[in-house]
>>> print(open('coords09.pdb').read())   # PDB, N, CA and C atoms
ATOM      1  N   MET A 908      63.767 258.438 103.236
ATOM      2  CA  MET A 908      62.737 257.657 103.876
ATOM      3  C   MET A 908      63.331 257.036 105.140
ATOM      4  N   LYS A 909      62.565 257.025 106.192
ATOM      5  CA  LYS A 909      63.016 256.430 107.437
ATOM      6  C   LYS A 909      62.924 254.921 107.351
ATOM      7  N   ARG A 910      63.737 254.275 108.147
ATOM      8  CA  ARG A 910      63.796 252.825 108.128
ATOM      9  C   ARG A 910      62.434 252.202 108.421
ATOM     10  N   ILE A 911      61.747 252.743 109.390
ATOM     11  CA  ILE A 911      60.436 252.194 109.741
ATOM     12  C   ILE A 911      59.476 252.268 108.562
ATOM     13  N   GLU A 912      59.547 253.377 107.804
ATOM     14  CA  GLU A 912      58.694 253.509 106.625
ATOM     15  C   GLU A 912      59.063 252.466 105.583
ATOM     16  N   ALA A 913      60.349 252.227 105.456
ATOM     17  CA  ALA A 913      60.799 251.236 104.480
ATOM     18  C   ALA A 913      60.330 249.846 104.866
ATOM     19  N   ILE A 914      60.389 249.542 106.151
ATOM     20  CA  ILE A 914      59.935 248.219 106.610
ATOM     21  C   ILE A 914      58.440 248.069 106.345
ATOM     22  N   ILE A 915      57.716 249.114 106.612
ATOM     23  CA  ILE A 915      56.269 249.057 106.409
ATOM     24  C   ILE A 915      55.938 248.894 104.931
ATOM     25  N   LYS A 916      56.676 249.566 104.089
ATOM     26  CA  LYS A 916      56.390 249.493 102.656
ATOM     27  C   LYS A 916      56.921 248.214 102.016
ATOM     28  N   GLY A 917      57.593 247.384 102.784
ATOM     29  CA  GLY A 917      58.004 246.070 102.276
ATOM     30  C   GLY A 917      59.272 246.085 101.463
ATOM     31  N   ARG A 918      59.156 245.803 100.199
ATOM     32  CA  ARG A 918      60.312 245.606  99.338
ATOM     33  C   ARG A 918      61.167 246.842  99.141
ATOM     34  N   LYS A 919      60.681 247.986  99.393
ATOM     35  CA  LYS A 919      61.458 249.208  99.165
ATOM     36  C   LYS A 919      62.758 249.178  99.953
ATOM     37  N   PHE A 920      62.727 248.628 101.146
ATOM     38  CA  PHE A 920      63.933 248.545 101.972
ATOM     39  C   PHE A 920      64.964 247.635 101.305
ATOM     40  N   THR A 921      64.510 246.521 100.796
ATOM     41  CA  THR A 921      65.433 245.598 100.133
ATOM     42  C   THR A 921      66.006 246.217  98.870
ATOM     43  N   GLU A 922      65.188 246.940  98.141
ATOM     44  CA  GLU A 922      65.668 247.590  96.931
ATOM     45  C   GLU A 922      66.705 248.655  97.255
ATOM     46  N   ALA A 923      66.515 249.362  98.376
ATOM     47  CA  ALA A 923      67.503 250.364  98.794
ATOM     48  C   ALA A 923      68.822 249.686  99.127
ATOM     49  N   LEU A 924      68.760 248.572  99.838
ATOM     50  CA  LEU A 924      69.981 247.835 100.163
ATOM     51  C   LEU A 924      70.638 247.288  98.904
ATOM     52  N   PHE A 925      69.823 246.840  97.976
ATOM     53  CA  PHE A 925      70.343 246.317  96.716
ATOM     54  C   PHE A 925      71.125 247.397  95.975
ATOM     55  N   GLY A 926      70.586 248.611  95.960
ATOM     56  CA  GLY A 926      71.273 249.729  95.313
ATOM     57  C   GLY A 926      72.594 250.043  95.983
ATOM     58  N   LEU A 927      72.626 249.978  97.299
ATOM     59  CA  LEU A 927      73.871 250.222  98.032
ATOM     60  C   LEU A 927      74.907 249.152  97.725
ATOM     61  N   LYS A 928      74.457 247.905  97.666
ATOM     62  CA  LYS A 928      75.386 246.807  97.356
ATOM     63  C   LYS A 928      75.969 246.976  95.952
ATOM     64  N   LYS A 929      75.123 247.376  95.004
ATOM     65  CA  LYS A 929      75.615 247.607  93.647
ATOM     66  C   LYS A 929      76.689 248.683  93.633
ATOM     67  N   LYS A 930      76.465 249.757  94.374
ATOM     68  CA  LYS A 930      77.442 250.840  94.442
ATOM     69  C   LYS A 930      78.742 250.353  95.077
ATOM     70  N   GLN A 931      78.636 249.545  96.123
ATOM     71  CA  GLN A 931      79.830 249.017  96.785
ATOM     72  C   GLN A 931      80.634 248.140  95.842
ATOM     73  N   ILE A 932      79.961 247.313  95.072
ATOM     74  CA  ILE A 932      80.643 246.427  94.121
ATOM     75  C   ILE A 932      81.344 247.258  93.049
ATOM     76  N   ARG A 933      80.653 248.250  92.517
ATOM     77  CA  ARG A 933      81.258 249.106  91.483
ATOM     78  C   ARG A 933      82.471 249.854  92.029
ATOM     79  N   ARG A 934      82.352 250.363  93.251
ATOM     80  CA  ARG A 934      83.476 251.071  93.865
ATOM     81  C   ARG A 934      84.664 250.135  94.079
ATOM     82  N   ALA A 935      84.389 248.910  94.498
ATOM     83  CA  ALA A 935      85.470 247.944  94.713
ATOM     84  C   ALA A 935      86.179 247.626  93.396
ATOM     85  N   LEU A 936      85.417 247.486  92.329
ATOM     86  CA  LEU A 936      86.020 247.226  91.018
ATOM     87  C   LEU A 936      86.848 248.423  90.555
ATOM     88  N   GLU A 937      86.335 249.616  90.755
ATOM     89  CA  GLU A 937      87.087 250.814  90.375
ATOM     90  C   GLU A 937      88.368 250.932  91.196
ATOM     91  N   ALA A 938      88.286 250.605  92.475
ATOM     92  CA  ALA A 938      89.475 250.660  93.335
ATOM     93  C   ALA A 938      90.520 249.650  92.866
ATOM     94  N   ALA A 939      90.071 248.461  92.478
ATOM     95  CA  ALA A 939      91.003 247.449  91.976
ATOM     96  C   ALA A 939      91.680 247.924  90.700
ATOM     97  N   ALA A 940      90.913 248.513  89.801
ATOM     98  CA  ALA A 940      91.481 249.027  88.555
ATOM     99  C   ALA A 940      92.439 250.186  88.831
ATOM    100  N   ASP A 941      92.059 251.063  89.748
ATOM    101  CA  ASP A 941      92.919 252.199  90.095
ATOM    102  C   ASP A 941      94.234 251.728  90.709
ATOM    103  N   ASN A 942      94.159 250.742  91.594
ATOM    104  CA  ASN A 942      95.377 250.201  92.213
ATOM    105  C   ASN A 942      96.296 249.577  91.175
ATOM    106  N   ALA A 943      95.720 248.837  90.254
ATOM    107  CA  ALA A 943      96.516 248.202  89.205
ATOM    108  C   ALA A 943      97.144 249.258  88.302
ATOM    109  N   GLU A 944      96.394 250.298  87.989
ATOM    110  CA  GLU A 944      96.918 251.372  87.141
ATOM    111  C   GLU A 944      98.080 252.084  87.842
ATOM    112  N   LYS A 945      97.939 252.309  89.133
ATOM    113  CA  LYS A 945      99.008 252.947  89.896
ATOM    114  C   LYS A 945     100.257 252.070  89.921
ATOM    115  N   GLN A 946     100.076 250.767  90.147
ATOM    116  CA  GLN A 946     101.218 249.839  90.130
ATOM    117  C   GLN A 946     101.900 249.841  88.774
ATOM    118  N   LYS A 947     101.099 249.872  87.720
ATOM    119  CA  LYS A 947     101.632 249.864  86.358
ATOM    120  C   LYS A 947     102.467 251.108  86.094
ATOM    121  N   GLU A 948     101.942 252.253  86.502
ATOM    122  CA  GLU A 948     102.666 253.513  86.299
ATOM    123  C   GLU A 948     103.963 253.557  87.100
ATOM    124  N   GLU A 949     103.897 253.147  88.359
ATOM    125  CA  GLU A 949     105.098 253.150  89.197
ATOM    126  C   GLU A 949     106.161 252.193  88.656
ATOM    127  N   ALA A 950     105.729 251.036  88.189
ATOM    128  CA  ALA A 950     106.669 250.068  87.625
ATOM    129  C   ALA A 950     107.280 250.588  86.326
ATOM    130  N   ALA A 951     106.490 251.280  85.530
ATOM    131  CA  ALA A 951     107.001 251.844  84.273
ATOM    132  C   ALA A 951     108.066 252.894  84.556
ATOM    133  N   ILE A 952     107.841 253.716  85.563
ATOM    134  CA  ILE A 952     108.832 254.729  85.943
ATOM    135  C   ILE A 952     110.109 254.052  86.437
ATOM    136  N   ALA A 953     109.971 253.065  87.308
ATOM    137  CA  ALA A 953     111.136 252.361  87.842
ATOM    138  C   ALA A 953     111.889 251.621  86.738
ATOM    139  N   TYR A 954     111.156 251.079  85.782
ATOM    140  CA  TYR A 954     111.772 250.376  84.656
ATOM    141  C   TYR A 954     112.630 251.338  83.841
ATOM    142  N   GLU A 955     112.084 252.501  83.544
ATOM    143  CA  GLU A 955     112.830 253.498  82.771
ATOM    144  C   GLU A 955     114.050 253.993  83.546
ATOM    145  N   GLN A 956     113.914 254.152  84.853
ATOM    146  CA  GLN A 956     115.039 254.592  85.673
ATOM    147  C   GLN A 956     116.147 253.539  85.698
ATOM    148  N   ALA A 957     115.792 252.294  85.597
ATOM    149  CA  ALA A 957     116.784 251.223  85.615
ATOM    150  C   ALA A 957     117.730 251.332  84.417
ATOM    151  N   PHE A 958     117.233 251.840  83.297
ATOM    152  CA  PHE A 958     118.103 252.013  82.135
ATOM    153  C   PHE A 958     119.281 252.933  82.450
ATOM    154  N   THR A 959     119.024 253.966  83.226
ATOM    155  CA  THR A 959     120.113 254.893  83.553
ATOM    156  C   THR A 959     121.165 254.223  84.434
ATOM    157  N   HIS A 960     120.747 253.269  85.244
ATOM    158  CA  HIS A 960     121.696 252.560  86.109
ATOM    159  C   HIS A 960     122.640 251.654  85.314
ATOM    160  N   LEU A 961     122.213 251.257  84.134
ATOM    161  CA  LEU A 961     123.076 250.415  83.296
ATOM    162  C   LEU A 961     124.337 251.165  82.866
ATOM    163  N   ALA A 962     124.290 252.488  82.883
ATOM    164  CA  ALA A 962     125.446 253.289  82.467
ATOM    165  C   ALA A 962     126.382 253.611  83.630
ATOM    166  N   ASP A 963     126.007 253.229  84.848
ATOM    167  CA  ASP A 963     126.866 253.498  86.005
ATOM    168  C   ASP A 963     128.204 252.774  85.872
ATOM    169  N   ASP A 964     129.255 253.360  86.463
ATOM    170  CA  ASP A 964     130.596 252.768  86.376
ATOM    171  C   ASP A 964     130.688 251.406  87.069
ATOM    172  N   ASP A 965     130.154 251.306  88.255
ATOM    173  CA  ASP A 965     130.291 250.063  89.014
ATOM    174  C   ASP A 965     128.959 249.310  89.098
ATOM    175  N   VAL A 966     128.319 249.195  87.961
ATOM    176  CA  VAL A 966     126.994 248.576  87.913
ATOM    177  C   VAL A 966     127.087 247.050  88.017
ATOM    178  N   ASN A 967     126.122 246.489  88.733
ATOM    179  CA  ASN A 967     125.939 245.039  88.775
ATOM    180  C   ASN A 967     124.842 244.736  87.762
ATOM    181  N   TYR A 968     125.242 244.316  86.555
ATOM    182  CA  TYR A 968     124.293 244.125  85.470
ATOM    183  C   TYR A 968     123.219 243.103  85.806
ATOM    184  N   GLN A 969     123.604 242.033  86.449
ATOM    185  CA  GLN A 969     122.617 241.007  86.795
ATOM    186  C   GLN A 969     121.547 241.558  87.730
ATOM    187  N   LEU A 970     121.965 242.349  88.697
ATOM    188  CA  LEU A 970     121.022 242.933  89.637
ATOM    189  C   LEU A 970     120.075 243.899  88.930
ATOM    190  N   VAL A 971     120.610 244.781  88.103
ATOM    191  CA  VAL A 971     119.788 245.763  87.407
ATOM    192  C   VAL A 971     118.829 245.070  86.439
ATOM    193  N   ILE A 972     119.326 244.100  85.702
ATOM    194  CA  ILE A 972     118.457 243.392  84.759
ATOM    195  C   ILE A 972     117.381 242.604  85.510
ATOM    196  N   GLY A 973     117.726 242.040  86.652
ATOM    197  CA  GLY A 973     116.727 241.366  87.481
ATOM    198  C   GLY A 973     115.635 242.323  87.939
ATOM    199  N   GLU A 974     116.039 243.531  88.332
ATOM    200  CA  GLU A 974     115.060 244.552  88.717
ATOM    201  C   GLU A 974     114.190 244.945  87.527
ATOM    202  N   MET A 975     114.818 245.084  86.359
ATOM    203  CA  MET A 975     114.058 245.437  85.159
ATOM    204  C   MET A 975     113.027 244.366  84.832
ATOM    205  N   LEU A 976     113.419 243.116  84.968
ATOM    206  CA  LEU A 976     112.484 242.014  84.717
ATOM    207  C   LEU A 976     111.310 242.065  85.692
ATOM    208  N   ALA A 977     111.604 242.338  86.948
ATOM    209  CA  ALA A 977     110.542 242.428  87.956
ATOM    210  C   ALA A 977     109.590 243.579  87.633
ATOM    211  N   HIS A 978     110.135 244.723  87.232
ATOM    212  CA  HIS A 978     109.293 245.866  86.877
ATOM    213  C   HIS A 978     108.439 245.552  85.649
ATOM    214  N   LYS A 979     109.058 244.921  84.657
ATOM    215  CA  LYS A 979     108.329 244.577  83.435
ATOM    216  C   LYS A 979     107.203 243.590  83.748
ATOM    217  N   GLN A 980     107.477 242.627  84.629
ATOM    218  CA  GLN A 980     106.446 241.657  85.017
ATOM    219  C   GLN A 980     105.292 242.357  85.749
ATOM    220  N   THR A 981     105.606 243.344  86.575
ATOM    221  CA  THR A 981     104.574 244.112  87.267
ATOM    222  C   THR A 981     103.707 244.867  86.268
ATOM    223  N   ILE A 982     104.341 245.439  85.256
ATOM    224  CA  ILE A 982     103.602 246.154  84.211
ATOM    225  C   ILE A 982     102.639 245.202  83.501
ATOM    226  N   ILE A 983     103.131 244.036  83.147
ATOM    227  CA  ILE A 983     102.308 243.036  82.451
ATOM    228  C   ILE A 983     101.169 242.564  83.344
ATOM    229  N   SER A 984     101.487 242.260  84.591
ATOM    230  CA  SER A 984     100.485 241.765  85.532
ATOM    231  C   SER A 984      99.411 242.812  85.806
ATOM    232  N   ALA A 985      99.821 244.052  85.986
ATOM    233  CA  ALA A 985      98.857 245.121  86.238
ATOM    234  C   ALA A 985      97.944 245.317  85.030
ATOM    235  N   GLY A 986      98.515 245.234  83.840
ATOM    236  CA  GLY A 986      97.700 245.339  82.624
ATOM    237  C   GLY A 986      96.668 244.229  82.545
ATOM    238  N   ALA A 987      97.072 243.018  82.904
ATOM    239  CA  ALA A 987      96.146 241.884  82.903
ATOM    240  C   ALA A 987      95.054 242.077  83.956
ATOM    241  N   THR A 988      95.420 242.639  85.096
ATOM    242  CA  THR A 988      94.436 242.899  86.144
ATOM    243  C   THR A 988      93.404 243.917  85.667
ATOM    244  N   ILE A 989      93.864 244.960  85.004
ATOM    245  CA  ILE A 989      92.950 245.978  84.482
ATOM    246  C   ILE A 989      91.990 245.358  83.474
ATOM    247  N   GLU A 990      92.495 244.507  82.593
ATOM    248  CA  GLU A 990      91.643 243.819  81.620
ATOM    249  C   GLU A 990      90.637 242.917  82.321
ATOM    250  N   ALA A 991      91.084 242.215  83.359
ATOM    251  CA  ALA A 991      90.192 241.323  84.097
ATOM    252  C   ALA A 991      89.077 242.102  84.790
ATOM    253  N   VAL A 992      89.417 243.251  85.344
ATOM    254  CA  VAL A 992      88.397 244.091  85.987
ATOM    255  C   VAL A 992      87.354 244.519  84.959
ATOM    256  N   GLU A 993      87.796 244.901  83.771
ATOM    257  CA  GLU A 993      86.859 245.297  82.715
ATOM    258  C   GLU A 993      85.967 244.128  82.315
ATOM    259  N   GLU A 994      86.528 242.920  82.262
ATOM    260  CA  GLU A 994      85.733 241.736  81.930
ATOM    261  C   GLU A 994      84.718 241.441  83.026
ATOM    262  N   ILE A 995      85.113 241.613  84.272
ATOM    263  CA  ILE A 995      84.188 241.401  85.388
ATOM    264  C   ILE A 995      83.049 242.411  85.317
ATOM    265  N   LYS A 996      83.379 243.665  85.023
ATOM    266  CA  LYS A 996      82.344 244.690  84.876
ATOM    267  C   LYS A 996      81.357 244.286  83.782
ATOM    268  N   ALA A 997      81.883 243.828  82.656
ATOM    269  CA  ALA A 997      81.021 243.422  81.541
ATOM    270  C   ALA A 997      80.151 242.233  81.943
ATOM    271  N   ASP A 998      80.726 241.272  82.665
ATOM    272  CA  ASP A 998      79.959 240.116  83.125
ATOM    273  C   ASP A 998      78.832 240.547  84.053
ATOM    274  N   LEU A 999      79.109 241.499  84.923
ATOM    275  CA  LEU A 999      78.093 241.972  85.861
ATOM    276  C   LEU A 999      76.982 242.754  85.159
ATOM    277  N   GLU A1000      77.288 243.372  84.040
ATOM    278  CA  GLU A1000      76.296 244.155  83.309
ATOM    279  C   GLU A1000      75.550 243.330  82.265
ATOM    280  N   ALA A1001      75.963 242.091  82.064
ATOM    281  CA  ALA A1001      75.328 241.238  81.056
ATOM    282  C   ALA A1001      73.883 240.936  81.447
ATOM    283  N   GLU A1002      73.049 240.822  80.455
ATOM    284  CA  GLU A1002      71.644 240.480  80.682
ATOM    285  C   GLU A1002      71.533 238.989  80.993
ATOM    286  N   ILE A1003      70.711 238.685  81.981
ATOM    287  CA  ILE A1003      70.463 237.287  82.339
ATOM    288  C   ILE A1003      68.973 237.066  82.468
ATOM    289  N   THR A1004      68.577 235.807  82.436
ATOM    290  CA  THR A1004      67.182 235.443  82.648
ATOM    291  C   THR A1004      67.080 234.783  84.014
ATOM    292  N   VAL A1005      66.168 235.301  84.812
ATOM    293  CA  VAL A1005      65.969 234.759  86.146
ATOM    294  C   VAL A1005      64.632 234.029  86.155
ATOM    295  N   GLU A1006      64.676 232.773  86.546
ATOM    296  CA  GLU A1006      63.454 231.987  86.618
ATOM    297  C   GLU A1006      62.744 232.249  87.941
ATOM    298  N   ALA A1007      61.445 232.305  87.886
ATOM    299  CA  ALA A1007      60.657 232.502  89.104
ATOM    300  C   ALA A1007      60.683 231.238  89.939
ATOM    301  N   GLU A1008      60.697 231.436  91.246
ATOM    302  CA  GLU A1008      60.739 230.263  92.139
ATOM    303  C   GLU A1008      59.367 229.818  92.524
TER     304      GLU A1008
END
>>> encode(input="coords09.pdb", output="structure tokens")
Amino acid sequence: MKRIEAIIKGRKFTEALFGLKKKQIRRALEAAADNAEKQKEEAAIAYEQAFTHLADDDVNYQLVIGEMLAHKQTIISAGATIEAVEEIKADLEAEITVEAE
């Protein structure tokens, strides 16, 4: 439908914009979850690789353990972010009552 037709038909234009906004919000939530999942996976790989460094001859244990802690914290934080995104999705899909003005 052309924009002029939408303007003439009144609310149809607003409903079209509303649908676009909903799609944008859903995409943003999916992107946030995807980013967190990627961070979680990368941190998990780096965490596992850190174990091999503990066997090195001239290893700085404090440095490696500090890196492991940082990776583990990233894994935990990313997991919490993924859970939060799911909760936000559920909140957005919850039924509400709208009072007429």
>>> resolve_selection(input="coords09.pdb", expression="the PyMOL selection byres ((chain A and resi 990-1006) around 8)", output="VMD selection string")
chain A and resid 936 to 937 939 to 940 984 to 989 1007 to 1008
>>> atom_distance(input="coords09.pdb", atom1="atom N of A:Ala957", atom2="atom N of A:Ile983")
15.3 Å
>>> closest_residue(input="coords09.pdb", among="A:Ala977, A:Lys930, A:Leu924, A:Ala938", to="A:Tyr954", atoms="only N, CA and C atoms")
A:Ala977
>>> atom_distance(input="coords09.pdb", atom1="atom CA of A:Ile952", atom2="atom CA of A:Leu970")
17.4 Å
>>> atom_distance(input="coords09.pdb", atom1="atom CA of A:Ala950", atom2="atom CA of A:Val966")
20.4 Å
>>> residues_around(input="coords09.pdb", residues="A:Met975", least_positions_apart="3", cutoff="8 Å", atoms="only C-alpha atoms", output="JSON, numbers by chain")
{"A": [953, 954, 957, 971, 972, 978, 979]}
>>> axis_aligned_box(input="coords09.pdb", around="stretch 926-935 of chain A", padding_each_side="5 Å", output="AutoDock Vina command-line options")
--center_x 78.4 --center_y 248.7 --center_z 94.8 --size_x 25.6 --size_y 14.6 --size_z 16.5
